[in-house]
file structure-v4.txt (compact mmCIF, C-alpha atoms and all ligand atoms)
# COMPACT_ATOMS: atom_id res chain seq x y z
CA LEU A 1 35.67 -13.18 -18.01
CA ALA A 2 33.71 -14.97 -15.30
CA SER A 3 36.80 -15.42 -13.15
CA ARG A 4 37.50 -13.46 -9.98
CA ASP A 5 41.20 -13.41 -10.96
CA PHE A 6 40.66 -10.78 -13.63
CA HIS A 7 37.78 -8.97 -11.95
CA PRO A 8 38.33 -8.77 -8.19
CA ASP A 9 35.24 -6.67 -7.38
CA ASP A 10 31.75 -8.15 -7.15
CA THR A 11 29.63 -7.51 -10.21
CA VAL A 12 26.50 -5.54 -9.35
CA ILE A 13 23.78 -5.63 -11.99
CA GLU A 14 21.47 -2.66 -11.70
CA ILE A 15 18.03 -2.93 -13.29
CA LYS A 16 15.62 -0.02 -12.93
CA GLY A 17 17.13 0.90 -9.56
CA VAL A 18 17.30 -2.68 -8.18
CA LYS A 19 20.85 -3.82 -7.49
CA ILE A 20 21.69 -7.50 -7.83
CA GLY A 21 25.09 -8.55 -6.46
CA GLY A 22 27.39 -7.17 -3.80
CA PRO A 23 25.83 -6.67 -0.36
CA ASN A 24 22.25 -6.46 -1.63
CA LEU A 25 19.80 -9.32 -1.12
CA VAL A 26 17.27 -9.61 -3.91
CA VAL A 27 14.19 -11.85 -3.70
CA MET A 28 12.42 -13.14 -6.80
CA GLY A 29 9.06 -14.77 -6.17
CA GLY A 30 6.11 -16.05 -8.11
CA PRO A 31 4.50 -19.08 -9.66
CA CYS A 32 6.26 -21.78 -11.62
CA ALA A 33 4.07 -20.82 -14.59
CA VAL A 34 1.94 -17.86 -15.61
CA GLU A 35 -1.62 -19.19 -15.80
CA SER A 36 -3.98 -16.23 -16.20
CA PRO A 37 -4.01 -12.43 -15.85
CA GLU A 38 -5.83 -12.71 -12.51
CA GLN A 39 -3.40 -15.30 -11.16
CA ILE A 40 -0.24 -13.37 -12.01
CA ASP A 41 -1.71 -10.04 -10.91
CA GLU A 42 -2.67 -11.37 -7.48
CA ILE A 43 0.67 -13.11 -6.98
CA ALA A 44 2.52 -9.96 -8.07
CA ARG A 45 0.59 -7.99 -5.47
CA LEU A 46 1.60 -10.51 -2.79
CA VAL A 47 5.26 -10.58 -3.83
CA LYS A 48 5.42 -6.80 -3.64
CA ALA A 49 3.59 -6.64 -0.32
CA ALA A 50 6.03 -9.17 1.16
CA GLY A 51 9.00 -7.04 0.10
CA GLY A 52 10.16 -8.94 -3.00
CA GLN A 53 11.74 -7.09 -5.92
CA VAL A 54 11.26 -9.45 -8.87
CA LEU A 55 8.24 -11.37 -10.17
CA ARG A 56 9.02 -14.81 -11.58
CA GLY A 57 6.79 -16.84 -13.89
CA GLY A 58 7.30 -19.17 -16.81
CA ALA A 59 5.48 -18.66 -20.10
CA PHE A 60 7.56 -21.33 -21.86
CA LYS A 61 8.03 -24.37 -19.62
CA PRO A 62 10.70 -27.04 -20.13
CA ARG A 63 8.73 -30.11 -19.03
CA THR A 64 10.25 -33.55 -18.65
CA GLY A 65 7.33 -35.18 -20.48
CA PRO A 66 5.84 -33.94 -23.76
CA TYR A 67 2.25 -34.35 -22.53
CA SER A 68 2.67 -32.10 -19.47
CA PHE A 69 1.53 -28.45 -19.52
CA GLN A 70 4.05 -26.57 -21.67
CA GLY A 71 3.22 -22.99 -20.68
CA ILE A 72 0.95 -20.44 -22.32
CA GLY A 73 3.62 -18.76 -24.44
CA VAL A 74 3.75 -15.13 -25.53
CA GLU A 75 0.36 -14.37 -23.99
CA GLY A 76 1.89 -15.24 -20.63
CA LEU A 77 4.73 -12.80 -21.23
CA THR A 78 2.31 -9.92 -21.75
CA MET A 79 0.29 -10.86 -18.64
CA MET A 80 3.42 -10.95 -16.53
CA ALA A 81 4.81 -7.71 -17.93
CA GLU A 82 1.56 -5.99 -17.10
CA ALA A 83 1.45 -7.36 -13.55
CA GLY A 84 5.08 -6.41 -12.97
CA LYS A 85 4.52 -2.88 -14.18
CA LYS A 86 1.35 -2.43 -12.15
CA HIS A 87 2.93 -3.57 -8.90
CA GLY A 88 6.40 -2.07 -9.39
CA LEU A 89 8.30 -5.33 -9.77
CA LEU A 90 10.98 -6.44 -12.19
CA THR A 91 10.14 -9.63 -14.07
CA ILE A 92 12.06 -12.80 -14.89
CA THR A 93 11.00 -15.53 -17.29
CA GLU A 94 12.61 -18.55 -18.90
CA VAL A 95 13.73 -18.51 -22.51
CA MET A 96 14.22 -21.93 -24.07
CA THR A 97 15.33 -21.31 -27.64
CA PRO A 98 17.39 -18.70 -29.52
CA GLU A 99 14.35 -17.76 -31.66
CA TYR A 100 12.44 -16.59 -28.58
CA VAL A 101 15.20 -14.48 -27.04
CA ASP A 102 14.02 -11.23 -28.60
CA VAL A 103 10.36 -11.59 -27.68
CA CYS A 104 11.19 -12.66 -24.11
CA ALA A 105 13.61 -9.74 -23.75
CA GLU A 106 10.94 -7.39 -25.01
CA TYR A 107 8.62 -8.30 -22.14
CA ALA A 108 10.89 -9.37 -19.25
CA ASP A 109 13.67 -7.60 -17.37
CA ILE A 110 15.68 -10.76 -16.72
CA LEU A 111 15.92 -13.90 -18.88
CA GLN A 112 16.28 -17.26 -17.18
CA VAL A 113 18.16 -20.17 -18.72
CA GLY A 114 16.86 -23.40 -17.22
CA THR A 115 18.91 -26.23 -15.83
CA ARG A 116 18.22 -28.38 -18.92
CA ASN A 117 19.57 -25.66 -21.19
CA MET A 118 22.75 -24.75 -19.32
CA GLN A 119 24.81 -26.20 -22.14
CA ASN A 120 22.54 -25.15 -24.99
CA PHE A 121 25.42 -23.29 -26.57
CA ASP A 122 23.37 -21.76 -29.38
CA LEU A 123 21.05 -20.23 -26.80
CA LEU A 124 23.98 -19.00 -24.68
CA ARG A 125 25.67 -17.45 -27.71
CA ARG A 126 22.46 -15.69 -28.67
CA LEU A 127 22.12 -14.30 -25.12
CA GLY A 128 25.63 -12.93 -25.45
CA THR A 129 24.49 -10.65 -28.26
CA ILE A 130 22.02 -8.68 -26.11
CA LYS A 131 22.43 -6.73 -22.88
CA THR A 132 19.37 -8.02 -21.01
CA PRO A 133 20.49 -9.61 -17.71
CA VAL A 134 20.52 -13.41 -17.69
CA LEU A 135 19.98 -15.74 -14.75
CA LEU A 136 21.83 -18.90 -15.71
CA LYS A 137 20.75 -22.01 -13.83
CA ARG A 138 23.28 -24.69 -13.05
CA GLY A 139 22.75 -27.88 -14.99
CA PHE A 140 21.62 -30.56 -12.57
CA SER A 141 24.70 -32.63 -13.36
CA ALA A 142 27.14 -29.81 -14.04
CA THR A 143 30.39 -29.23 -12.21
CA TYR A 144 31.34 -25.70 -11.13
CA ASP A 145 33.80 -25.57 -13.99
CA GLU A 146 31.17 -26.53 -16.57
CA PHE A 147 28.77 -24.01 -15.01
CA LEU A 148 31.28 -21.17 -15.19
CA ASN A 149 32.17 -22.12 -18.76
CA ALA A 150 28.50 -21.85 -19.69
CA ALA A 151 28.44 -18.34 -18.16
CA GLU A 152 31.60 -17.59 -20.12
CA TYR A 153 29.75 -18.17 -23.40
CA ILE A 154 27.33 -15.34 -22.58
CA LEU A 155 30.04 -13.03 -21.29
CA ALA A 156 32.31 -13.73 -24.25
CA GLY A 157 29.56 -12.69 -26.62
CA GLY A 158 29.47 -9.25 -25.01
CA ASN A 159 26.72 -9.45 -22.39
CA PRO A 160 28.31 -8.76 -18.97
CA ASN A 161 25.01 -9.10 -17.05
CA VAL A 162 25.02 -12.70 -15.90
CA MET A 163 23.89 -14.17 -12.55
CA LEU A 164 24.60 -17.73 -11.51
CA CYS A 165 21.81 -19.79 -9.96
CA GLU A 166 22.30 -22.90 -7.83
CA ARG A 167 19.06 -24.89 -8.18
CA GLY A 168 20.01 -28.30 -6.87
CA ILE A 169 21.89 -31.17 -8.44
CA ARG A 170 21.12 -34.82 -9.02
CA THR A 171 22.42 -37.15 -6.32
CA PHE A 172 21.50 -40.66 -5.14
CA GLU A 173 18.92 -39.17 -2.75
CA THR A 174 15.33 -39.52 -3.85
CA TYR A 175 13.50 -38.02 -0.85
CA THR A 176 14.21 -34.57 -2.22
CA ARG A 177 13.74 -33.72 -5.91
CA ASN A 178 17.29 -32.39 -6.14
CA THR A 179 20.06 -31.79 -3.63
CA LEU A 180 20.63 -28.07 -3.09
CA ASP A 181 24.40 -27.68 -3.13
CA LEU A 182 24.88 -24.99 -0.51
CA ALA A 183 28.66 -25.08 -0.85
CA ALA A 184 28.21 -23.92 -4.44
CA ILE A 185 27.35 -20.47 -3.11
CA PRO A 186 30.69 -19.63 -1.44
CA VAL A 187 32.65 -21.65 -4.01
CA LEU A 188 31.17 -19.80 -6.98
CA GLN A 189 31.62 -16.49 -5.21
CA SER A 190 35.28 -17.25 -4.62
CA LEU A 191 35.87 -18.36 -8.22
CA SER A 192 33.72 -15.67 -9.83
CA HIS A 193 32.60 -12.08 -9.33
CA LEU A 194 29.11 -12.78 -10.69
CA PRO A 195 26.07 -12.61 -8.36
CA VAL A 196 24.93 -15.99 -7.01
CA ILE A 197 21.22 -16.68 -6.59
CA SER A 198 19.83 -19.74 -4.80
CA ASP A 199 16.66 -21.60 -5.78
CA PRO A 200 15.49 -23.58 -2.74
CA SER A 201 12.23 -24.50 -4.50
CA HIS A 202 13.69 -26.66 -7.28
CA GLY A 203 16.64 -27.36 -5.00
CA THR A 204 14.45 -29.40 -2.66
CA GLY A 205 11.13 -30.00 -4.42
CA ARG A 206 9.34 -29.92 -1.07
CA ARG A 207 7.49 -26.92 0.34
CA GLU A 208 8.48 -27.58 3.95
CA LEU A 209 12.18 -27.46 3.04
CA VAL A 210 12.08 -24.17 1.16
CA GLU A 211 12.16 -21.95 4.23
CA PRO A 212 15.16 -23.57 5.98
CA MET A 213 17.15 -23.87 2.75
CA ALA A 214 16.35 -20.28 1.78
CA LYS A 215 17.64 -19.13 5.14
CA ALA A 216 20.71 -21.35 4.87
CA SER A 217 21.41 -19.95 1.39
CA VAL A 218 21.36 -16.38 2.68
CA ALA A 219 23.52 -17.36 5.65
CA ALA A 220 25.97 -18.91 3.14
CA GLY A 221 26.17 -15.55 1.38
CA ALA A 222 23.75 -15.85 -1.53
CA ASN A 223 23.11 -12.54 -3.30
CA GLY A 224 19.50 -13.47 -3.87
CA LEU A 225 16.79 -16.09 -3.91
CA ILE A 226 14.29 -17.28 -6.46
CA VAL A 227 11.28 -18.86 -4.77
CA GLU A 228 8.08 -20.37 -6.10
CA MET A 229 4.86 -19.08 -4.52
CA HIS A 230 1.24 -19.67 -5.54
CA THR A 231 -2.14 -18.66 -4.13
CA ASP A 232 -3.53 -22.19 -4.55
CA PRO A 233 -0.52 -24.50 -4.88
CA ASP A 234 -2.31 -27.71 -3.96
CA ASN A 235 -5.25 -27.45 -6.35
CA SER A 236 -4.94 -25.08 -9.28
CA ALA A 237 -1.18 -24.76 -9.88
CA THR A 238 -0.23 -26.12 -13.31
CA GLY A 239 3.21 -27.16 -12.12
CA ASP A 240 5.45 -27.47 -9.07
CA GLY A 241 2.60 -26.95 -6.57
CA VAL A 242 4.20 -29.27 -4.02
CA GLN A 243 7.23 -27.03 -3.75
CA SER A 244 5.40 -23.71 -3.95
CA LEU A 245 4.98 -21.66 -0.78
CA PHE A 246 1.64 -20.27 0.31
CA PRO A 247 1.64 -16.45 0.28
CA ASP A 248 1.77 -16.19 4.08
CA GLN A 249 4.79 -18.52 4.20
CA PHE A 250 6.53 -16.40 1.56
CA ALA A 251 5.87 -13.21 3.53
CA ALA A 252 7.06 -14.76 6.80
CA LEU A 253 10.24 -15.98 5.12
CA LEU A 254 11.11 -12.54 3.79
CA LYS A 255 10.60 -11.04 7.22
CA ASP A 256 12.99 -13.54 8.80
CA LEU A 257 15.55 -13.02 6.03
CA GLU A 258 15.95 -9.36 6.95
CA VAL A 259 17.59 -10.47 10.18
CA ILE A 260 19.90 -13.05 8.58
CA ALA A 261 20.95 -10.73 5.76
CA ARG A 262 21.91 -8.12 8.33
CA VAL A 263 24.12 -10.56 10.22
CA VAL A 264 25.81 -11.88 7.06
C1 LIG A 301 11.66 -23.12 -13.10
O1 LIG A 301 12.29 -22.18 -12.61
O2 LIG A 301 10.41 -23.22 -13.03
C2 LIG A 301 12.42 -24.24 -13.71
C3 LIG A 301 11.88 -25.03 -14.64
O3 LIG A 301 13.66 -24.35 -13.20
P1 LIG A 301 14.84 -25.41 -13.50
O4 LIG A 301 15.31 -25.10 -14.88
O5 LIG A 301 15.84 -25.09 -12.44
O6 LIG A 301 14.25 -26.79 -13.36
MN MN A 302 9.12 -24.65 -11.43
call {"tool": "encode", "arguments": {"input": "structure-v4.txt", "output": "structure tokens"}}
result
Amino acid sequence: LASRDFHPDDTVIEIKGVKIGGPNLVVMGGPCAVESPEQIDEIARLVKAAGGQVLRGGAFKPRTGPYSFQGIGVEGLTMMAEAGKKHGLLTITEVMTPEYVDVCAEYADILQVGTRNMQNFDLLRRLGTIKTPVLLKRGFSATYDEFLNAAEYILAGGNPNVMLCERGIRTFETYTRNTLDLAAIPVLQSLSHLPVISDPSHGTGRRELVEPMAKASVAAGANGLIVEMHTDPDNSATGDGVQSLFPDQFAALLKDLEVIARVV
């Protein structure tokens, strides 16, 4: 079902008038984690003003260590839903377990499956039973074939609204947090009709690399970007501050992308 062989045309997922896939470039921006109503409201305002279409923010965070901030849970979902509604943005948030699929789908327009859950087959099967669009992140050690098979689980369950997200893979390099696999973009688009979104934030782990890799992703044909942005990334951000753009950098990036997207 994910294969281009049986579905030659690009899949375009339309959510409340926003088209994801095909020739459209969609930009999702926001903090790694929802922290407070004021924080998410202000960031939503900035995402909208910059020209973004989707507000991102985690309420349930998959942290490597059990003592790190784990997200504020359902409260965060309501804060983000409110901010999205107020500023006219769609919302995307990560769902980590099958039990939370319904509550996350109640508040968010798009559900994100994190890199660590790409092969959480129970979660994928559960997401196949609803129609809410899913952004499936590539496992950091997953091949294209494993990635597309994970998407297949959701599609096979009856949910056709799946986007693939390249978010960097693990290599021997340690300077960057992950290695953003740019070739994944055209490869996945040739193998599959599903929209391909690039995440240059987790893909590099370094703020100064987000802009060039975002531009390179769009030049490589990405259907969209998901980018971390925070109003105070170096002091108050609860996670991923070092890779989060300042609001003015986010706005400048979106302005430049208009030109690249037109050429591609
Ligand atoms: C995130 O988007 O904040 C996140 C945790 O992403 P990933 O699953 O790609 O690490
Ligand atoms: Mn993050």
call {"tool": "closest_atom_pairs", "arguments": {"input": "structure-v4.txt", "of": "chain A", "to": "ligand LIG 301 (chain A)", "cutoff": "7 Å", "atoms": "all atoms listed in the file", "output": "JSON lines"}}
result
{"residue": "A:Cys32", "atom": "CA", "partner": "A:LIG301", "partner_atom": "O2", "distance": 4.6}
{"residue": "A:Ala33", "atom": "CA", "partner": "A:LIG301", "partner_atom": "O2", "distance": 7.0}
{"residue": "A:Gly58", "atom": "CA", "partner": "A:LIG301", "partner_atom": "O2", "distance": 6.4}
{"residue": "A:Lys61", "atom": "CA", "partner": "A:LIG301", "partner_atom": "C3", "distance": 6.3}
{"residue": "A:Pro62", "atom": "CA", "partner": "A:LIG301", "partner_atom": "C3", "distance": 6.0}
{"residue": "A:Val113", "atom": "CA", "partner": "A:LIG301", "partner_atom": "O4", "distance": 6.9}
{"residue": "A:Gly114", "atom": "CA", "partner": "A:LIG301", "partner_atom": "O4", "distance": 3.3}
{"residue": "A:Thr115", "atom": "CA", "partner": "A:LIG301", "partner_atom": "O4", "distance": 3.9}
{"residue": "A:Arg116", "atom": "CA", "partner": "A:LIG301", "partner_atom": "O4", "distance": 6.0}
{"residue": "A:Lys137", "atom": "CA", "partner": "A:LIG301", "partner_atom": "O5", "distance": 6.0}
{"residue": "A:Arg167", "atom": "CA", "partner": "A:LIG301", "partner_atom": "O5", "distance": 5.3}
{"residue": "A:His202", "atom": "CA", "partner": "A:LIG301", "partner_atom": "O5", "distance": 5.8}
call {"tool": "write_last_selection", "arguments": {"input": "structure-v4.txt", "atoms": "C-alpha atoms", "output": "PDB file, in the frame of the given file"}}
result
ATOM      1  CA  CYS A  32       6.260 -21.780 -11.620  1.00  0.00           C
ATOM      2  CA  ALA A  33       4.070 -20.820 -14.590  1.00  0.00           C
ATOM      3  CA  GLY A  58       7.300 -19.170 -16.810  1.00  0.00           C
ATOM      4  CA  LYS A  61       8.030 -24.370 -19.620  1.00  0.00           C
ATOM      5  CA  PRO A  62      10.700 -27.040 -20.130  1.00  0.00           C
ATOM      6  CA  VAL A 113      18.160 -20.170 -18.720  1.00  0.00           C
ATOM      7  CA  GLY A 114      16.860 -23.400 -17.220  1.00  0.00           C
ATOM      8  CA  THR A 115      18.910 -26.230 -15.830  1.00  0.00           C
ATOM      9  CA  ARG A 116      18.220 -28.380 -18.920  1.00  0.00           C
ATOM     10  CA  LYS A 137      20.750 -22.010 -13.830  1.00  0.00           C
ATOM     11  CA  ARG A 167      19.060 -24.890  -8.180  1.00  0.00           C
ATOM     12  CA  HIS A 202      13.690 -26.660  -7.280  1.00  0.00           C
TER      13      HIS A 202
END
call {"tool": "atom_distance", "arguments": {"input": "structure-v4.txt", "atom1": "CA of Thr129 (chain A)", "atom2": "CA of Ile169 (chain A)"}}
result
28.6 Å
call {"tool": "residues_near_ligand", "arguments": {"input": "structure-v4.txt", "ligand": "ligand MN 302 (chain A)", "cutoff": "12 Å", "atoms": "all atoms listed in the file", "output": "JSON, numbers by chain"}}
result
{"A": [29, 30, 31, 32, 33, 34, 56, 57, 58, 59, 60, 61, 62, 63, 64, 69, 70, 71, 93, 94, 112, 114, 115, 167, 177, 199, 200, 201, 202, 203, 204, 205, 206, 226, 227, 228, 229, 230, 233, 237, 238, 239, 240, 241, 242, 243, 244, 245]}
call {"tool": "residues_around", "arguments": {"input": "structure-v4.txt", "residues": "region 191-195 of chain A", "least_positions_apart": "3", "cutoff": "12 Å", "atoms": "only C-alpha atoms", "output": "PyMOL selection string"}}
result
chain A and resi 1-14+19-26+133-136+144-145+147-149+151-152+155+160-166+184-188+198+221-225
call {"tool": "closest_residue", "arguments": {"input": "structure-v4.txt", "among": "A:Val196, A:Leu77, A:Ala219, A:Ala251", "to": "Lys48 (chain A)", "atoms": "all atoms listed in the file"}}
result
A:Ala251
call {"tool": "atom_distance", "arguments": {"input": "structure-v4.txt", "atom1": "CA of Leu111 (chain A)", "atom2": "CA of Val95 (chain A)"}}
result
6.3 Å
call {"tool": "atom_distance", "arguments": {"input": "structure-v4.txt", "atom1": "CA of Ala220 (chain A)", "atom2": "CA of Val54 (chain A)"}}
result
21.2 Å
call {"tool": "closest_residue", "arguments": {"input": "structure-v4.txt", "among": "A:Leu89, A:Ile43, A:Ala49, A:Leu257", "to": "Ile110 (chain A)", "atoms": "all atoms listed in the file"}}
result
A:Leu89
call {"tool": "closest_residue", "arguments": {"input": "structure-v4.txt", "among": "A:Val264, A:Tyr107, A:Gly65, A:Ala50", "to": "Thr78 (chain A)", "atoms": "all atoms listed in the file"}}
result
A:Tyr107
call {"tool": "closest_residue", "arguments": {"input": "structure-v4.txt", "among": "A:Leu124, A:Asp232, A:Thr91, A:Ala44", "to": "Ala156 (chain A)", "atoms": "only C-alpha atoms"}}
result
A:Leu124
call {"tool": "closest_residue", "arguments": {"input": "structure-v4.txt", "among": "A:Ala214, A:Ile40, A:Val47, A:Ile15", "to": "Met79 (chain A)", "atoms": "all atoms listed in the file"}}
result
A:Ile40
call {"tool": "residues_around", "arguments": {"input": "structure-v4.txt", "residues": "Pro98 (chain A)", "least_positions_apart": "5", "cutoff": "8 Å", "atoms": "all atoms listed in the file", "output": "PyMOL selection string"}}
result
chain A and resi 122-123+126-127
call {"tool": "decode", "arguments": {"input": "structure-v4.txt", "residues": "region 122-144 of chain A", "atoms": "C-alpha atoms", "output": "PDB file, in the first residue's frame"}}
result
ATOM      1  CA  ASP A 122       1.016  -2.289  18.656  1.00  0.00           C
ATOM      2  CA  LEU A 123       1.062   1.491  18.363  1.00  0.00           C
ATOM      3  CA  LEU A 124       1.197   1.348  14.553  1.00  0.00           C
ATOM      4  CA  ARG A 125      -1.712  -1.104  14.427  1.00  0.00           C
ATOM      5  CA  ARG A 126      -3.757   1.127  16.705  1.00  0.00           C
ATOM      6  CA  LEU A 127      -3.045   4.140  14.463  1.00  0.00           C
ATOM      7  CA  GLY A 128      -4.326   2.106  11.537  1.00  0.00           C
ATOM      8  CA  THR A 129      -7.774   1.981  13.125  1.00  0.00           C
ATOM      9  CA  ILE A 130      -8.322   5.756  13.032  1.00  0.00           C
ATOM     10  CA  LYS A 131      -8.246   8.284  10.204  1.00  0.00           C
ATOM     11  CA  THR A 132      -6.202  11.018  11.896  1.00  0.00           C
ATOM     12  CA  PRO A 133      -3.084  11.739   9.797  1.00  0.00           C
ATOM     13  CA  VAL A 134       0.140  10.258  11.154  1.00  0.00           C
ATOM     14  CA  LEU A 135       3.675  11.580  10.758  1.00  0.00           C
ATOM     15  CA  LEU A 136       5.862   8.510  11.087  1.00  0.00           C
ATOM     16  CA  LYS A 137       9.478   9.222  11.969  1.00  0.00           C
ATOM     17  CA  ARG A 138      12.194   6.975  10.634  1.00  0.00           C
ATOM     18  CA  GLY A 139      13.853   4.865  13.289  1.00  0.00           C
ATOM     19  CA  PHE A 140      17.397   6.116  13.754  1.00  0.00           C
ATOM     20  CA  SER A 141      18.766   2.752  12.664  1.00  0.00           C
ATOM     21  CA  ALA A 142      16.053   1.783  10.202  1.00  0.00           C
ATOM     22  CA  THR A 143      16.591   0.982   6.546  1.00  0.00           C
ATOM     23  CA  TYR A 144      14.198   2.404   3.945  1.00  0.00           C
TER      24      TYR A 144
END
